[in-house]
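Asker: Pasting a structure below so you can have a look.
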Amino acid sequence: MLYLIGLGLNLKGISKEGLEMVGRCKKLYLDEYTVDFPYHVNELVESLGKSIELADRALVEDLSIVDEAKKKDVAILVYGSPLTATTHITLVQEAIASGVKYKIIHGASIIDAVADTGLQLYKFGKTASMPAWKESFTPTSFMELVKENQSINAHSLILIDIGLDFQDALTQLEDSAKKEKVKLDKLVVCQRLGTKNSKFFYKGIPELKEFTGVRKPYSIIIPGKLHFVEKNMLEVFS
């Protein structure tokens, strides 16, 4: 059987059900390529009391784990909640096609934790992902989602590619906004949501450029039209 188990946002975030399934499984894999963890893998191993094999993108996407689950109970541990990454949907589809039983155990994720900012969840539009730029790869298409959200006054949550430092992400965001003609005012920066190091910053880009200590994982929100309650709450973080 294949288990997709959400770890939540901190070392204690895994559910009781998730812990029970971890104890049952003969093999544990950890998805290590979708997020910058706020803790070390060794801490997770110690917390769960079982050995863990790291799974990179190639291992997960070649679907060999599904074949392994035909013979024994196997779990893929995912930071946050399992189905926030499209790769994991593919695993479920492959399990169904292969006749492999599966179970999804959800956990807290950034999608609900952003409510800590005071922004109302129902006012968020589509979530965008910002990839890390390379010399010959500087995509700005994620800004199309931001423009779509802004057309209905919705907030835009931007998930940041693994390994991308904050100042580099800020530069990419600013350059992308200029190219796609998106106006940026104050941004909300969310650091390590759901952990003891959780912090929020509500500032304009010139002020954020002075920040050097934003810790991974982090995300950026481009606010849409603010309700006065949202505005009052954000001012606490400004």
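We name chains A, B, ... following the order of the structure tokens; residues begin at 1 in each chain, and ligands are numbered from 1 as shown.
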Identify, with DSSP run on backbone atoms, the residues in region 130-170 of chain A assigned to strand (DSSP E), and express the list as a PyMOL selection string.

Answerer: chain A and resi 130+156-160

Asker: Keeping only N, CA and C atoms, write the selected residues to a file as a PDB file, in the first residue's frame.

Answerer:
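The resulting file, part-v1.pdb, is shown below:
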```
ATOM      1  N   MET A 130       7.112  30.865  -8.388  1.00  0.00           N
ATOM      2  CA  MET A 130       8.219  31.587  -9.007  1.00  0.00           C
ATOM      3  C   MET A 130       9.431  30.661  -9.125  1.00  0.00           C
ATOM      4  N   SER A 156      -2.638  37.464  -4.197  1.00  0.00           N
ATOM      5  CA  SER A 156      -1.829  36.483  -4.929  1.00  0.00           C
ATOM      6  C   SER A 156      -0.747  35.910  -4.017  1.00  0.00           C
ATOM      7  N   LEU A 157      -0.817  34.612  -3.784  1.00  0.00           N
ATOM      8  CA  LEU A 157       0.224  33.911  -3.036  1.00  0.00           C
ATOM      9  C   LEU A 157       1.250  33.379  -4.034  1.00  0.00           C
ATOM     10  N   ILE A 158       2.508  33.730  -3.824  1.00  0.00           N
ATOM     11  CA  ILE A 158       3.578  33.287  -4.713  1.00  0.00           C
ATOM     12  C   ILE A 158       4.511  32.360  -3.937  1.00  0.00           C
ATOM     13  N   LEU A 159       4.565  31.118  -4.374  1.00  0.00           N
ATOM     14  CA  LEU A 159       5.455  30.139  -3.769  1.00  0.00           C
ATOM     15  C   LEU A 159       6.820  30.255  -4.429  1.00  0.00           C
ATOM     16  N   ILE A 160       7.874  30.182  -3.623  1.00  0.00           N
ATOM     17  CA  ILE A 160       9.226  30.442  -4.110  1.00  0.00           C
ATOM     18  C   ILE A 160       9.977  29.134  -4.325  1.00  0.00           C
TER      19      ILE A 160
END
```

Asker: Please build the interface table for region 60-171 of chain A against region 43-52 of chain A with a cut-off of 10 Å, listing for each qualifying residue the nearest atom pair and the distance in Å to one decimal; count only C-alpha atoms, order rows by chain and increasing number, and write it as a tab-separated table.

Answerer:
```
residue	atom	partner	partner_atom	distance
A:Ala75	CA	A:Ile52	CA	9.8
A:Ile76	CA	A:Ile52	CA	9.6
A:Leu77	CA	A:Ile52	CA	9.1
```

Asker: Using only N, CA and C atoms, please write the residues we just selected to a file, as a PDB file, in the first residue's frame.

Answerer:
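And here is the file that came out, part.pdb:
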```pdb
ATOM      1  N   ALA A  75       5.667   4.709   2.401  1.00  0.00           N
ATOM      2  CA  ALA A  75       5.146   6.067   2.603  1.00  0.00           C
ATOM      3  C   ALA A  75       6.080   7.093   1.982  1.00  0.00           C
ATOM      4  N   ILE A  76       5.472   8.111   1.400  1.00  0.00           N
ATOM      5  CA  ILE A  76       6.211   9.294   0.975  1.00  0.00           C
ATOM      6  C   ILE A  76       5.825  10.422   1.924  1.00  0.00           C
ATOM      7  N   LEU A  77       6.787  10.937   2.636  1.00  0.00           N
ATOM      8  CA  LEU A  77       6.564  12.036   3.564  1.00  0.00           C
ATOM      9  C   LEU A  77       6.729  13.345   2.817  1.00  0.00           C
TER      10      LEU A  77
END
```

Asker: How would you write, as number ranges by chain, the set of residues in region 45-82 of chain A that DSSP gives as alpha helix (DSSP H)?

Answerer: A: 45-48, 57-61, 64-68

Asker: Please, what distance in Å, to one decimal, runs between CA of Ile104 (chain A) and CA of Asp56 (chain A)?

Answerer: 19.9 Å

Asker: Which of these residues is nearest to Leu226 (chain A), using only C-alpha atoms: A:Ala154, A:Val182, A:Leu59, A:Leu7?

Answerer: A:Ala154

Asker: Nearest residue to Leu19 (chain A) out of A:Ala95, A:Ala55, A:Val100, A:Ile105, using only C-alpha atoms?

Answerer: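 Smallest separation from Leu19 (chain A) among the options: A:Ile105.
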
Asker: Tell me, as a PyMOL selection string, which residues lie within 8 Å of Lys103 (chain A), counting only C-alpha atoms; anything in the same chain fewer than 4 positions away does not count.

Answerer: chain A and resi 1-4
